[in-house]
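Enquirer: To be precise about what I am sending: the file is called target-v3.txt and holds compact mmCIF, N, CA and C atoms and all ligand atoms.
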```
# COMPACT_ATOMS: atom_id res chain seq x y z
N MET A 22 1.31 -11.10 3.35
CA MET A 22 -0.09 -10.71 3.13
C MET A 22 -0.80 -10.62 4.48
N PRO A 23 -1.65 -9.63 4.68
CA PRO A 23 -2.26 -9.49 6.01
C PRO A 23 -3.29 -10.58 6.32
N ASN A 24 -3.36 -10.93 7.59
CA ASN A 24 -4.34 -11.91 8.08
C ASN A 24 -5.42 -11.16 8.86
N CYS A 25 -6.67 -11.63 8.76
CA CYS A 25 -7.75 -11.04 9.53
C CYS A 25 -7.50 -11.35 11.01
N GLU A 26 -7.60 -10.31 11.86
CA GLU A 26 -7.33 -10.53 13.28
C GLU A 26 -8.48 -11.30 13.95
N ASN A 27 -9.65 -11.24 13.34
CA ASN A 27 -10.81 -11.91 13.91
C ASN A 27 -10.85 -13.40 13.58
N CYS A 28 -10.75 -13.74 12.28
CA CYS A 28 -10.89 -15.15 11.89
C CYS A 28 -9.56 -15.78 11.46
N GLY A 29 -8.52 -14.96 11.30
CA GLY A 29 -7.21 -15.50 10.97
C GLY A 29 -7.00 -15.84 9.50
N GLN A 30 -7.99 -15.57 8.66
CA GLN A 30 -7.85 -15.86 7.23
C GLN A 30 -6.93 -14.85 6.55
N LYS A 31 -6.14 -15.35 5.61
CA LYS A 31 -5.28 -14.47 4.82
C LYS A 31 -6.14 -13.75 3.79
N TRP A 32 -5.99 -12.46 3.70
CA TRP A 32 -6.77 -11.70 2.73
C TRP A 32 -6.14 -11.80 1.36
N PRO A 33 -6.98 -11.84 0.32
CA PRO A 33 -6.39 -11.85 -1.03
C PRO A 33 -5.75 -10.51 -1.35
N TRP A 34 -4.71 -10.57 -2.14
CA TRP A 34 -3.96 -9.39 -2.56
C TRP A 34 -4.90 -8.34 -3.15
N LYS A 35 -5.85 -8.82 -3.97
CA LYS A 35 -6.81 -7.97 -4.67
C LYS A 35 -7.60 -7.09 -3.69
N THR A 36 -8.05 -7.68 -2.58
CA THR A 36 -8.84 -6.95 -1.59
C THR A 36 -8.05 -5.80 -0.99
N VAL A 37 -6.78 -6.08 -0.69
CA VAL A 37 -5.94 -5.05 -0.07
C VAL A 37 -5.67 -3.92 -1.06
N VAL A 38 -5.34 -4.28 -2.30
CA VAL A 38 -5.05 -3.26 -3.31
C VAL A 38 -6.29 -2.42 -3.60
N LYS A 39 -7.44 -3.06 -3.64
CA LYS A 39 -8.69 -2.34 -3.92
C LYS A 39 -8.90 -1.25 -2.86
N ASN A 40 -8.59 -1.57 -1.62
CA ASN A 40 -8.75 -0.60 -0.54
C ASN A 40 -7.68 0.48 -0.58
N THR A 41 -6.49 0.11 -1.04
CA THR A 41 -5.41 1.08 -1.17
C THR A 41 -5.80 2.12 -2.21
N VAL A 42 -6.35 1.65 -3.31
CA VAL A 42 -6.76 2.54 -4.39
C VAL A 42 -7.89 3.47 -3.93
N LYS A 43 -8.78 2.93 -3.10
CA LYS A 43 -9.90 3.72 -2.58
C LYS A 43 -9.45 4.65 -1.44
N LEU A 44 -8.18 4.54 -1.05
CA LEU A 44 -7.60 5.31 0.06
C LEU A 44 -8.38 5.12 1.35
N SER A 45 -8.82 3.89 1.56
CA SER A 45 -9.57 3.60 2.77
C SER A 45 -8.77 2.60 3.60
N ASN A 46 -8.76 2.77 4.92
CA ASN A 46 -8.03 1.82 5.76
C ASN A 46 -9.01 0.98 6.57
N LYS A 47 -10.30 1.12 6.26
CA LYS A 47 -11.32 0.40 7.00
C LYS A 47 -12.10 -0.45 6.01
N THR A 48 -12.15 -1.75 6.23
CA THR A 48 -12.88 -2.59 5.30
C THR A 48 -13.37 -3.87 5.97
N LYS A 49 -14.42 -4.46 5.40
CA LYS A 49 -15.00 -5.69 5.94
C LYS A 49 -14.21 -6.89 5.48
N CYS A 50 -13.99 -7.83 6.38
CA CYS A 50 -13.31 -9.06 6.03
C CYS A 50 -14.20 -9.84 5.07
N PRO A 51 -13.63 -10.32 3.93
CA PRO A 51 -14.46 -11.07 2.98
C PRO A 51 -14.87 -12.44 3.52
N TYR A 52 -14.25 -12.89 4.62
CA TYR A 52 -14.56 -14.21 5.17
C TYR A 52 -15.55 -14.15 6.33
N CYS A 53 -15.28 -13.28 7.34
CA CYS A 53 -16.15 -13.26 8.51
C CYS A 53 -16.98 -11.99 8.60
N GLU A 54 -16.80 -11.06 7.64
CA GLU A 54 -17.60 -9.84 7.58
C GLU A 54 -17.38 -8.88 8.74
N LYS A 55 -16.32 -9.07 9.51
CA LYS A 55 -16.03 -8.14 10.59
C LYS A 55 -15.16 -7.01 10.03
N THR A 56 -15.44 -5.79 10.48
CA THR A 56 -14.66 -4.64 10.01
C THR A 56 -13.22 -4.74 10.50
N GLN A 57 -12.30 -4.59 9.57
CA GLN A 57 -10.88 -4.65 9.88
C GLN A 57 -10.21 -3.35 9.44
N TYR A 58 -9.16 -2.98 10.14
CA TYR A 58 -8.42 -1.78 9.80
C TYR A 58 -7.06 -2.17 9.24
N LEU A 59 -6.69 -1.52 8.16
CA LEU A 59 -5.37 -1.76 7.59
C LEU A 59 -4.39 -0.83 8.28
N ILE A 60 -3.41 -1.39 8.93
CA ILE A 60 -2.42 -0.54 9.59
C ILE A 60 -1.03 -0.95 9.10
N PRO A 61 -0.13 0.00 8.98
CA PRO A 61 1.22 -0.36 8.53
C PRO A 61 1.92 -1.21 9.58
N LYS A 62 2.69 -2.20 9.13
CA LYS A 62 3.46 -3.06 10.03
C LYS A 62 4.42 -2.21 10.84
N SER A 63 5.01 -1.26 10.17
CA SER A 63 5.91 -0.34 10.84
C SER A 63 5.77 1.02 10.18
N ARG A 64 5.57 2.04 10.98
CA ARG A 64 5.37 3.38 10.47
C ARG A 64 6.56 3.86 9.65
N LYS A 65 7.75 3.54 10.12
CA LYS A 65 8.97 3.98 9.46
C LYS A 65 9.06 3.38 8.06
N ARG A 66 8.78 2.09 7.97
CA ARG A 66 8.88 1.40 6.70
C ARG A 66 7.89 2.00 5.70
N THR A 67 6.69 2.32 6.16
CA THR A 67 5.67 2.88 5.28
C THR A 67 6.08 4.27 4.81
N ALA A 68 6.73 5.03 5.67
CA ALA A 68 7.18 6.37 5.30
C ALA A 68 8.24 6.29 4.21
N ILE A 69 9.18 5.38 4.35
CA ILE A 69 10.23 5.18 3.35
C ILE A 69 9.56 4.77 2.04
N PHE A 70 8.60 3.88 2.18
CA PHE A 70 7.86 3.34 1.07
C PHE A 70 7.12 4.42 0.26
N SER A 71 6.60 5.45 0.94
CA SER A 71 5.87 6.49 0.23
C SER A 71 6.81 7.44 -0.51
N TYR A 72 8.05 7.60 -0.01
CA TYR A 72 8.98 8.52 -0.66
C TYR A 72 9.81 7.84 -1.74
N MET A 73 9.95 6.53 -1.62
CA MET A 73 10.75 5.76 -2.54
C MET A 73 10.40 5.97 -4.02
N PRO A 74 9.11 5.86 -4.42
CA PRO A 74 8.80 6.02 -5.85
C PRO A 74 9.22 7.38 -6.39
N ALA A 75 8.96 8.45 -5.65
CA ALA A 75 9.33 9.80 -6.09
C ALA A 75 10.84 9.90 -6.24
N PHE A 76 11.55 9.35 -5.26
CA PHE A 76 13.00 9.37 -5.28
C PHE A 76 13.54 8.60 -6.50
N LEU A 77 12.95 7.42 -6.74
CA LEU A 77 13.38 6.59 -7.88
C LEU A 77 13.10 7.27 -9.21
N ILE A 78 11.94 7.92 -9.32
CA ILE A 78 11.58 8.60 -10.57
C ILE A 78 12.60 9.70 -10.88
N ILE A 79 12.91 10.50 -9.88
CA ILE A 79 13.87 11.60 -10.07
C ILE A 79 15.25 11.05 -10.45
N THR A 80 15.72 10.07 -9.68
CA THR A 80 17.04 9.50 -9.92
C THR A 80 17.15 8.86 -11.30
N LEU A 81 16.16 8.01 -11.63
CA LEU A 81 16.20 7.32 -12.92
C LEU A 81 16.04 8.27 -14.10
N THR A 82 15.26 9.34 -13.92
CA THR A 82 15.08 10.34 -14.97
C THR A 82 16.43 10.99 -15.29
N LEU A 83 17.19 11.29 -14.22
CA LEU A 83 18.50 11.92 -14.40
C LEU A 83 19.51 10.95 -15.00
N ILE A 84 19.52 9.71 -14.50
CA ILE A 84 20.50 8.72 -14.97
C ILE A 84 20.22 8.32 -16.42
N LEU A 85 18.95 8.02 -16.73
CA LEU A 85 18.60 7.52 -18.06
C LEU A 85 18.29 8.65 -19.04
N ASP A 86 18.34 9.90 -18.57
CA ASP A 86 18.08 11.07 -19.41
C ASP A 86 16.71 10.96 -20.09
N LEU A 87 15.67 10.70 -19.30
CA LEU A 87 14.33 10.53 -19.83
C LEU A 87 13.60 11.86 -19.99
N ASP A 88 12.61 11.86 -20.86
CA ASP A 88 11.72 13.03 -20.91
C ASP A 88 10.33 12.59 -21.36
N GLY A 89 9.33 13.41 -21.15
CA GLY A 89 7.95 13.16 -21.59
C GLY A 89 7.44 11.78 -21.29
N TRP A 90 7.21 10.99 -22.37
CA TRP A 90 6.63 9.66 -22.23
C TRP A 90 7.50 8.73 -21.40
N GLY A 91 8.81 8.89 -21.49
CA GLY A 91 9.73 8.06 -20.72
C GLY A 91 9.44 8.18 -19.24
N ILE A 92 9.29 9.42 -18.77
CA ILE A 92 9.00 9.67 -17.35
C ILE A 92 7.62 9.11 -17.01
N PHE A 93 6.67 9.31 -17.93
CA PHE A 93 5.31 8.83 -17.71
C PHE A 93 5.28 7.31 -17.53
N PHE A 94 5.97 6.59 -18.42
CA PHE A 94 5.97 5.13 -18.34
C PHE A 94 6.75 4.63 -17.13
N LEU A 95 7.81 5.33 -16.80
CA LEU A 95 8.59 4.97 -15.63
C LEU A 95 7.72 5.11 -14.37
N ALA A 96 7.00 6.24 -14.27
CA ALA A 96 6.13 6.49 -13.12
C ALA A 96 5.03 5.44 -13.04
N ALA A 97 4.43 5.10 -14.20
CA ALA A 97 3.36 4.11 -14.23
C ALA A 97 3.88 2.74 -13.81
N ALA A 98 5.06 2.36 -14.32
CA ALA A 98 5.64 1.05 -13.98
C ALA A 98 5.95 0.97 -12.49
N LEU A 99 6.53 2.04 -11.95
CA LEU A 99 6.86 2.05 -10.52
C LEU A 99 5.61 1.97 -9.66
N MET A 100 4.55 2.63 -10.10
CA MET A 100 3.31 2.63 -9.34
C MET A 100 2.75 1.22 -9.26
N ILE A 101 2.81 0.49 -10.39
CA ILE A 101 2.30 -0.88 -10.42
C ILE A 101 3.13 -1.77 -9.48
N VAL A 102 4.46 -1.60 -9.54
CA VAL A 102 5.34 -2.40 -8.69
C VAL A 102 5.06 -2.13 -7.21
N PHE A 103 4.94 -0.85 -6.87
CA PHE A 103 4.74 -0.50 -5.46
C PHE A 103 3.36 -0.90 -4.96
N LEU A 104 2.35 -0.79 -5.84
CA LEU A 104 1.01 -1.21 -5.47
C LEU A 104 0.99 -2.72 -5.24
N GLY A 105 1.80 -3.44 -6.04
CA GLY A 105 1.89 -4.89 -5.90
C GLY A 105 2.53 -5.29 -4.59
N LEU A 106 3.49 -4.48 -4.11
CA LEU A 106 4.21 -4.81 -2.88
C LEU A 106 3.50 -4.31 -1.64
N TYR A 107 2.64 -3.31 -1.81
CA TYR A 107 2.00 -2.64 -0.70
C TYR A 107 1.31 -3.57 0.31
N PRO A 108 0.50 -4.55 -0.16
CA PRO A 108 -0.20 -5.42 0.80
C PRO A 108 0.75 -6.15 1.75
N PHE A 109 2.00 -6.37 1.33
CA PHE A 109 2.95 -7.08 2.19
C PHE A 109 3.43 -6.21 3.34
N MET A 110 3.21 -4.91 3.24
CA MET A 110 3.65 -3.99 4.28
C MET A 110 2.54 -3.72 5.29
N MET A 111 1.35 -4.28 5.02
CA MET A 111 0.21 -3.96 5.87
C MET A 111 -0.17 -5.12 6.77
N LYS A 112 -0.91 -4.77 7.82
CA LYS A 112 -1.34 -5.73 8.80
C LYS A 112 -2.78 -5.34 9.14
N LEU A 113 -3.62 -6.35 9.52
CA LEU A 113 -5.02 -6.05 9.83
C LEU A 113 -5.24 -6.05 11.33
N SER A 114 -6.18 -5.21 11.76
CA SER A 114 -6.47 -5.12 13.17
C SER A 114 -7.96 -4.92 13.39
N ASN A 115 -8.47 -5.39 14.54
CA ASN A 115 -9.88 -5.21 14.88
C ASN A 115 -10.19 -3.76 15.23
N ASP A 116 -9.19 -3.04 15.74
CA ASP A 116 -9.38 -1.65 16.11
C ASP A 116 -8.45 -0.76 15.31
N ASP A 117 -8.85 0.49 15.25
CA ASP A 117 -8.03 1.48 14.60
C ASP A 117 -7.03 1.97 15.66
N HIS A 118 -5.86 1.34 15.68
CA HIS A 118 -4.86 1.68 16.70
C HIS A 118 -4.25 3.05 16.50
N MET A 119 -4.24 3.48 15.26
CA MET A 119 -3.57 4.74 14.96
C MET A 119 -4.51 5.74 14.32
N PRO A 120 -5.35 6.39 15.12
CA PRO A 120 -6.32 7.31 14.53
C PRO A 120 -5.65 8.51 13.86
N THR A 121 -4.42 8.77 14.22
CA THR A 121 -3.72 9.93 13.65
C THR A 121 -3.02 9.58 12.35
N TYR A 122 -2.94 8.29 12.06
CA TYR A 122 -2.24 7.88 10.85
C TYR A 122 -3.02 8.28 9.61
N LYS A 123 -2.37 8.96 8.69
CA LYS A 123 -3.05 9.39 7.46
C LYS A 123 -2.55 8.58 6.28
N MET A 124 -3.49 8.14 5.46
CA MET A 124 -3.11 7.45 4.24
C MET A 124 -2.58 8.47 3.24
N GLN A 125 -1.49 8.11 2.60
CA GLN A 125 -0.91 9.07 1.65
C GLN A 125 -1.18 8.66 0.23
ZN ZN B 1 -12.13 -12.35 9.10
```
As structure tokens, what does this structure read like?
Ligand SMILES: [Zn+2]
Expert:
Amino acid sequence: MPNCENCGQKWPWKTVVKNTVKLSNKTKCPYCEKTQYLIPKSRKRTAIFSYMPAFLIITLTLILDLDGWGIFFLAAALMIVFLGLYPFMMKLSNDDHMPTYKMQ
């Protein structure tokens, strides 16, 4: 779970996920109110992470011979799992070190 670079407090999972859903990488620390930037721990890992759900959906659809609702529920379940894991891949920073980084 990411720690605030300013005060060192661990952010709650909920705060990180809320920002992920809002597609924002800039947010105020709930403890010290200083603006923090969410940056990926490693760019490579985040890239793999963004392609993984799509890859899994396609593979599992073919293996399990799913259609319609099956694919829908599989996609929804994977999204919940990945959203749950996402905060562990992120790190907080006082500055936006990667202005070119785009949230996907
Ligand atoms: Zn803080």
Enquirer: For the point (-12.5, -13.0, 9.6) in the file's frame, write as a count of residues only all residues with an atom no more than 7 Å away, counting all atoms listed in the file.
Expert: 12
Enquirer: Please measure the separation of CA of Pro61 in chain A and CA of Leu95 in chain A, giving the value in Å to one decimal.
Expert: 25.8 Å
Enquirer: Can you tell me how far CA of Ser71 in chain A sits from CA of Lys49 in chain A, in Å to one decimal?
Expert: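 Between these atoms lies a distance of 24.8 Å.
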Enquirer: With all atoms listed in the file as the basis for distance, which of A:Gln57, A:Val42, A:Leu83, A:Thr36 is at the shortest distance from ligand ZN 1 (chain B)?
Expert: A:Gln57
Enquirer: Just the strand (DSSP E) stuff from chain A, please, per backbone DSSP, written as a PyMOL selection string.
Expert: chain A and resi 47-49+56-61+111-114
Enquirer: Can you pull out the residues contacting Leu59 in chain A? Cut-off 8 Å, using only C-alpha atoms, and skip same-chain residues under 5 positions away; I want them as a PyMOL selection string.
Expert: chain A and resi 46-48+111-114
Enquirer: Could you work out how far CA of Asn40 in chain A lies from atom C of Asn24 in chain A, giving the answer in Å with one decimal?
Expert: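 Computed distance, atom C of Asn24 in chain A to CA of Asn40 in chain A, equals 14.5 Å.
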